[in-house]
Amino acid sequence: MDKIFLAIILCLLPFSLANISTVDGKVKITIGSTAGCSDTVRFINQQLVPAFELYSEYLNIEYFPWGRTRRDDNGTLICQFGVNDCWANRLHRCALHLLDNQEAQLEYMICEFSSPYPAFLQNSYQCAENVGLSINNIENCFATDNNDLESISENASLIPMQVINFVPFITLNDVIDLDVHNQARQDLVKLICTALSNDSSTGISINDC
């Protein structure tokens, strides 16, 4: 009986460790994604979307489409799910860069990470066009901003991938923490709600969580 009780405590322990606070009344969510990743599909659709629907006014969300991408000796990108992954990640970076609000960014990411996965499986600009971006602007981004956007995502992903070693990696308020990442993957709504309930300015009660 004691062993069973101890096992239960050990399973629950990580969930007691996350002490997320708001910063200026908001929670920042950083997501490191890659286009061909089924875990990213699940996180965006099952965790991020419900959290955004409930708490969008309290969230600042940023995305870094990179994942386990690496460079060969010539600097050429090698992506986890092949050349389609690389092309789609490049499109994701440019589309997210060109969109000026997080509602549109999330709408775009929902499209890309839902069947038929237009950029990854079809090399299609459909999701970008769906949110009002022109192909000309996307291709101009490929030509002028691509290297800078690559470097930003690469640098932003380096330490989180070393510590968390999972795609998508998730951090809150720029704190790289494996336990928080795991909690966010399992119940982002509860994690965000609890953080907001600790800030009286939000008007959210722990009973809401």
# chains A, B, ... in the order shown; residues from 1 in each chain; ligands from 1
>>> residues_around(residues="A:Leu191", least_positions_apart="6", cutoff="9 Å", atoms="only C-alpha atoms", output="list in words")
Ala18, Ile20, Val180, Gln183, Ala184 and Cys209 of chain A
>>> residues_around(residues="stretch 133-138 of chain A", least_positions_apart="6", cutoff="10 Å", atoms="only C-alpha atoms", output="number ranges by chain")
A: 90-95, 97-99, 125-127, 144-146
>>> closest_residue(among="A:Phe43, A:Ser157, A:Asp24, A:Ile110", to="A:Pro65", atoms="only C-alpha atoms")
A:Ser157
>>> select_by_dssp(residues="stretch 45-185 of chain A", states="strand (DSSP E)", output="ChimeraX atom specification")
/A:59-65,70-71,77-78,169-172
>>> closest_residue(among="A:Asn165, A:Asp174, A:Phe120, A:Glu107", to="A:Glu53", atoms="only C-alpha atoms")
A:Glu107
>>> atom_distance(atom1="atom CA of A:Asp177", atom2="atom CA of A:Ala195")
15.5 Å
>>> atom_distance(atom1="atom CA of A:Ile164", atom2="atom CA of A:Leu178")
5.4 Å
>>> residues_around(residues="stretch 147-156 of chain A", least_positions_apart="6", cutoff="12 Å", atoms="only C-alpha atoms", output="ChimeraX atom specification")
/A:30-34,62-71,75-77,79,86-87,89-98,141,162,169-171,174,176
>>> write_last_selection(atoms="C-alpha atoms", output="tab-separated table (two decimals), in the first residue's frame")
chain	number	residue	atom	x	y	z
A	30	THR	CA	6.66	29.93	-27.02
A	31	ILE	CA	6.24	26.97	-29.35
A	32	GLY	CA	9.01	25.31	-31.31
A	33	SER	CA	7.40	23.43	-34.18
A	34	THR	CA	8.22	21.56	-37.35
A	62	GLU	CA	5.25	33.09	-30.57
A	63	TYR	CA	6.27	30.27	-32.89
A	64	PHE	CA	9.66	29.07	-34.06
A	65	PRO	CA	9.32	26.64	-36.99
A	66	TRP	CA	12.58	24.73	-36.71
A	67	GLY	CA	12.28	21.56	-34.64
A	68	ARG	CA	15.21	19.18	-35.09
A	69	THR	CA	16.57	20.93	-38.17
A	70	ARG	CA	20.35	20.89	-38.46
A	71	ARG	CA	22.92	22.10	-40.96
A	75	GLY	CA	25.23	25.04	-44.19
A	76	THR	CA	22.39	23.32	-46.04
A	77	LEU	CA	19.39	22.61	-43.83
A	79	CYS	CA	15.05	18.71	-41.57
A	86	CYS	CA	12.23	22.25	-44.76
A	87	TRP	CA	10.10	23.94	-47.43
A	89	ASN	CA	8.99	25.40	-42.25
A	90	ARG	CA	10.35	28.16	-44.46
A	91	LEU	CA	6.82	29.03	-45.53
A	92	HIS	CA	5.62	28.95	-41.90
A	93	ARG	CA	8.39	31.33	-40.85
A	94	CYS	CA	7.56	33.83	-43.58
A	95	ALA	CA	3.80	33.64	-43.10
A	96	LEU	CA	4.06	34.12	-39.35
A	97	HIS	CA	6.47	37.01	-39.90
A	98	LEU	CA	4.08	38.74	-42.29
A	141	CYS	CA	10.07	37.07	-47.94
A	162	GLN	CA	18.83	20.71	-25.66
A	169	PHE	CA	8.91	22.35	-27.35
A	170	ILE	CA	6.77	24.63	-25.19
A	171	THR	CA	8.02	27.29	-22.81
A	174	ASP	CA	10.77	32.31	-21.55
A	176	ILE	CA	12.85	26.55	-20.22
>>> atom_distance(atom1="atom CA of A:Asn101", atom2="atom CA of A:Leu48")
15.8 Å
>>> select_by_dssp(residues="chain A", states="alpha helix (DSSP H)", output="VMD selection string")
chain A and resid 2 to 12 38 to 42 49 to 55 83 to 98 102 to 112 118 to 122 126 to 130 135 to 144 146 to 163 178 to 197
